[in-house]
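Student: Structure provided below as structure tokens; questions to follow.
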Amino acid sequence: MDKTRAMITGIQGYVPDYVLTNKELETLVETNDEWILSRTGIRERRILKGEDQGTSVMGIEAVKGLLEKTNTKAEDIDLIICATVTPDLPFPATANIIADKVGAKNSFSFDLAAACSGFLFALNTGAQYIESGMHKKVIIVGADKMSSIVDYTDRTTCILFGDGAGAVLLEPTTEDMGIMDSILKSDGSGEPFLHMKAGGSRRPATHDTVEKREHFAYQEGATVFKFAVTNMADVSAEVMERNGLKGDDVAWLVPHQANKRIIDATANRMGIGPEKVMMNIERYGNTTAATIPLCLWEYEKQLKKGDNLILAAFGGGFTWGATYVKWAYNPK
Ligand code: UT7
């Protein structure tokens, strides 16, 4: 019997309207457009403004658009997984809120936290439910409101992050395409270099934690940079090699958008020219779990059935991975 794989049959993104430019950041911290652009590749990022606006607001928009675009009824969805490190609330899961608001009343749903690798981890988790035959329609959301955990007095982190969401629909296929192979990794010893110090069960919120500004993302950038360059390139090269793919066989590299210099180094190592690298970091910055689906969404019209894609990510945890996807449809 032919093997059942999970294929992506639709993609939709959502970014909020407000544009936070490098120029505006110059008014908040001691930085400048030239430094930010040359060190990161970022010009601007989107910010979700307004009271009581959580990550789900963006996830809901992405999923609603995805359902409409793929002609899918909300009640036919079996499962929604939301990758995020900025859930609306510690509980219930943001995925549950999204499922409720889009009318996916027959689905079960849960969140998955793997920081910048969240979308890849969730994509592979969702694919297992399809491959096993348990489910037919699974939605994977990558969504983060990073502005809710960014310290806008810390110039080393506030320039990097933005808000956004992306969602894909996974369905089964017996054609030899879809999610083909993956290497996923994590290493908890990376915690000191990228984490949030308080707000969890180890250090619940107190006046002290707020005064010490411990409810924001903390990063030792240069250390994370080194790990990201090495590890993202290693797993990408490994997944290509074990699937017999050379640089020329890969139509697109879809990298996590943390820093243009990390992306360039990864592409270089894989023998992939810049014309085959999806990139929107300039306009959105690092949207954590949303970077990869936002890239796929913006490049969707250029993707053809049978294209070989390598999705690659590195993030807090540390977590990292690479997934080989054979794209399953032509532009509609
Ligand atoms: O997505 C999750 C994973 N995260 C990542 O992959 C991020 C990885 N790290 C990075 O992308 C980079 O390390 C950063 C963009 C965060 C920083 O770039 P860098 O080239 O590693 O700079 P650095 O931290 O080594 O700092 C170099 C200099 C320092 O000044 P001194 O000590 O040399 O005088 C910083 O204080 O740049 C200074 N600096 C800034 N200057 C102007 C740091 N931030 C800024 C700023 N504007 N915003």
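FYI, nothing fancy with the structure tokens labels: chains A, B, ... in order, residues from 1 per chain, ligands from 1 as they appear.
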Leaving out range 303-308 of chain A and any residue of its chain fewer than 5 positions from it, which residues lie within 6 Å of it when counting only C-alpha atoms, given as a list in words?

Tutor: Val250, Ala251, Lys326, Trp327, Ala328, Tyr329 and Asn330 of chain A

Student: Env of Ala113 in chain A: 10 Å cut, atoms = only C-alpha atoms, seq-sep filter 6 positions within chain, self excluded. Answer as a PyMOL selection string.

Tutor: chain A and resi 82-87+119+121-122+289+316-317

Student: Using only C-alpha atoms, which of A:Ile292, A:Ile179, A:Ile310, A:Ala115 sits nearest Ala217 in chain A?

Tutor: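 With only C-alpha atoms as the atom set, the closest residue is A:Ala115.
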
Student: Kindly provide the residues of chain A that approach ligand 1 to within 8 Å, each paired with its closest atom pair and their distance in Å to one decimal, based on only C-alpha atoms and all ligand atoms, listed by chain and increasing number, as a Markdown table.

Tutor:
```
| residue | atom | partner | partner_atom_place_in_ligand_line | distance |
| --- | --- | --- | --- | --- |
| A:Val29 | CA | ligand 1 | 48 (N) | 7.6 |
| A:Glu30 | CA | ligand 1 | 47 (N) | 6.2 |
| A:Thr31 | CA | ligand 1 | 47 (N) | 3.7 |
| A:Asn32 | CA | ligand 1 | 47 (N) | 5.9 |
| A:Trp35 | CA | ligand 1 | 42 (C) | 5.6 |
| A:Ile36 | CA | ligand 1 | 48 (N) | 6.0 |
| A:Arg39 | CA | ligand 1 | 20 (O) | 5.6 |
| A:Thr40 | CA | ligand 1 | 15 (C) | 5.3 |
| A:Ala115 | CA | ligand 1 | 2 (C) | 7.4 |
| A:Cys116 | CA | ligand 1 | 1 (O) | 5.3 |
| A:Arg155 | CA | ligand 1 | 48 (N) | 4.3 |
| A:Thr156 | CA | ligand 1 | 44 (N) | 3.9 |
| A:Thr157 | CA | ligand 1 | 16 (C) | 6.4 |
| A:Cys158 | CA | ligand 1 | 48 (N) | 7.5 |
| A:Ile159 | CA | ligand 1 | 48 (N) | 5.9 |
| A:Leu160 | CA | ligand 1 | 15 (C) | 7.0 |
| A:Leu194 | CA | ligand 1 | 3 (C) | 7.7 |
| A:Gln219 | CA | ligand 1 | 16 (C) | 7.6 |
| A:Glu220 | CA | ligand 1 | 13 (O) | 7.2 |
| A:Gly221 | CA | ligand 1 | 13 (O) | 3.5 |
| A:Ala222 | CA | ligand 1 | 13 (O) | 3.9 |
| A:Thr223 | CA | ligand 1 | 13 (O) | 7.0 |
| A:Val224 | CA | ligand 1 | 8 (C) | 4.8 |
| A:Phe225 | CA | ligand 1 | 8 (C) | 3.8 |
| A:Lys226 | CA | ligand 1 | 8 (C) | 7.5 |
| A:Ala228 | CA | ligand 1 | 6 (O) | 5.6 |
| A:His256 | CA | ligand 1 | 1 (O) | 7.3 |
| A:Gln257 | CA | ligand 1 | 1 (O) | 7.1 |
| A:Ala258 | CA | ligand 1 | 1 (O) | 4.5 |
| A:Asn259 | CA | ligand 1 | 11 (O) | 4.8 |
| A:Arg261 | CA | ligand 1 | 11 (O) | 7.7 |
| A:Ile262 | CA | ligand 1 | 6 (O) | 7.1 |
| A:Asn286 | CA | ligand 1 | 1 (O) | 6.4 |
| A:Thr288 | CA | ligand 1 | 1 (O) | 6.1 |
| A:Phe314 | CA | ligand 1 | 3 (C) | 5.9 |
| A:Gly315 | CA | ligand 1 | 2 (C) | 4.0 |
| A:Gly316 | CA | ligand 1 | 2 (C) | 5.8 |
```

Student: Enumerate, as an NGL selection string, the complete set of residues in range 145-216 of chain A that a backbone-based DSSP assignment places in alpha helix (DSSP H).

Tutor: :A and (207-211)

Student: Just C-alpha atoms for this one: save the residues we selected as a compact mmCIF listing (two decimals), in the first residue's frame.

Tutor:
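Output contents, as saved in part02.txt:
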```txt
# COMPACT_ATOMS: atom_id res chain seq x y z
CA HIS A 207 6.59 43.63 42.27
CA ASP A 208 10.26 42.63 42.34
CA THR A 209 10.16 40.74 39.02
CA VAL A 210 8.36 43.65 37.38
CA GLU A 211 10.78 46.23 38.78
```

Student: Using only C-alpha atoms, can you tell me which of A:Leu169, A:Gly118, A:Arg5, A:Asp144 comes closest to Leu66 in chain A?

Tutor: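 Nearest candidate to Leu66 in chain A out of A:Leu169, A:Gly118, A:Arg5, A:Asp144: A:Leu169.
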
Student: Name the residues in contact with Ile98 in chain A at a cut-off of 10 Å, using only C-alpha atoms, excluding same-chain residues fewer than 4 positions from it; report them as a short mmCIF file (atom, residue, chain, number, x, y, z; two decimals) with N, CA and C atoms, in the first residue's frame.

Tutor:
```
data_model
loop_
_atom_site.label_atom_id
_atom_site.label_comp_id
_atom_site.auth_asym_id
_atom_site.auth_seq_id
_atom_site.Cartn_x
_atom_site.Cartn_y
_atom_site.Cartn_z
N THR A 55 -2.28 37.27 20.97
CA THR A 55 -1.80 36.52 19.81
C THR A 55 -2.94 35.89 19.02
N SER A 56 -4.00 35.45 19.73
CA SER A 56 -5.11 34.76 19.05
C SER A 56 -5.75 35.65 17.99
N VAL A 57 -5.76 36.97 18.21
CA VAL A 57 -6.38 37.89 17.26
C VAL A 57 -5.76 37.68 15.86
N MET A 58 -4.44 37.53 15.84
CA MET A 58 -3.75 37.35 14.56
C MET A 58 -3.93 35.92 14.03
N GLY A 59 -3.91 34.95 14.95
CA GLY A 59 -4.13 33.55 14.56
C GLY A 59 -5.51 33.36 13.96
N ILE A 60 -6.50 34.01 14.56
CA ILE A 60 -7.88 33.89 14.07
C ILE A 60 -7.98 34.42 12.64
N GLU A 61 -7.38 35.59 12.40
CA GLU A 61 -7.41 36.18 11.05
C GLU A 61 -6.75 35.24 10.04
N ALA A 62 -5.60 34.67 10.42
CA ALA A 62 -4.90 33.78 9.49
C ALA A 62 -5.74 32.53 9.21
N VAL A 63 -6.33 31.95 10.24
CA VAL A 63 -7.10 30.71 10.05
C VAL A 63 -8.39 30.98 9.27
N LYS A 64 -9.06 32.09 9.57
CA LYS A 64 -10.29 32.44 8.81
C LYS A 64 -9.96 32.56 7.33
N ILE A 80 -6.29 21.65 15.64
CA ILE A 80 -5.55 22.91 15.44
C ILE A 80 -4.41 22.94 16.45
N ILE A 81 -3.19 23.11 15.94
CA ILE A 81 -2.03 23.27 16.83
C ILE A 81 -1.52 24.70 16.64
N CYS A 82 -1.35 25.40 17.75
CA CYS A 82 -0.80 26.76 17.65
C CYS A 82 0.58 26.79 18.30
N ALA A 93 -5.27 27.20 26.26
CA ALA A 93 -4.38 27.32 25.10
C ALA A 93 -4.93 28.32 24.09
N THR A 94 -4.04 29.06 23.46
CA THR A 94 -4.44 30.01 22.40
C THR A 94 -5.11 29.26 21.25
N VAL A 102 -13.16 30.60 15.26
CA VAL A 102 -13.35 30.33 13.83
C VAL A 102 -14.46 29.30 13.60
N GLY A 103 -15.00 28.76 14.69
CA GLY A 103 -16.11 27.80 14.56
C GLY A 103 -15.66 26.37 14.29
N ALA A 104 -14.42 26.04 14.67
CA ALA A 104 -13.93 24.67 14.47
C ALA A 104 -14.39 23.80 15.65
N SER A 109 -7.60 20.91 20.16
CA SER A 109 -6.58 21.91 19.87
C SER A 109 -5.64 22.05 21.05
N VAL A 141 -0.83 26.59 13.16
CA VAL A 141 -0.69 28.06 13.24
C VAL A 141 0.66 28.37 13.89
#
```

Student: To one decimal place in Å, what is the distance between CA of Leu89 in chain A and CA of Val15 in chain A?

Tutor: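 Rounded to one decimal, the two atoms are 20.4 Å apart.
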
Student: Residues near Lys332 in chain A, anyone? I mean within 12 Å using only C-alpha atoms, not counting same-chain ones fewer than 6 positions away, as a list in words.

Tutor: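 The neighbour list is Thr9, Gly10, Ile11, Lys69, Thr70, Glu300, Lys301, Gln302, Leu303, Lys304 and Lys305 of chain A.
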
Student: Going by DSSP on the backbone, which bits of range 28-85 of chain A are strand (DSSP E or B)? Write them as a VMD selection string, please.

Tutor: chain A and resid 44 to 47 79 to 83

Student: Save out the residues we just selected, C-alpha atoms, as a compact mmCIF listing (two decimals), in the first residue's frame.

Tutor:
```txt
# COMPACT_ATOMS: atom_id res chain seq x y z
CA GLU A 44 10.60 47.70 9.99
CA ARG A 45 8.29 45.34 11.84
CA ARG A 46 4.52 45.11 12.50
CA ILE A 47 3.03 45.68 15.95
CA LEU A 79 -7.09 19.45 14.99
CA ILE A 80 -5.55 22.91 15.44
CA ILE A 81 -2.03 23.27 16.83
CA CYS A 82 -0.80 26.76 17.65
CA ALA A 83 2.95 27.26 18.00
```

Student: Measuring between only C-alpha atoms, which one of A:Val168, A:Asp33, A:Trp320, A:Ala290 shows the shortest distance to Asn231 in chain A?

Tutor: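 Result for the nearest residue to Asn231 in chain A: A:Trp320.
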
Student: Taking only C-alpha atoms into account, which of A:Met270, A:Met180, A:Leu67, A:Leu112 comes nearest Asn96 in chain A?

Tutor: A:Leu112
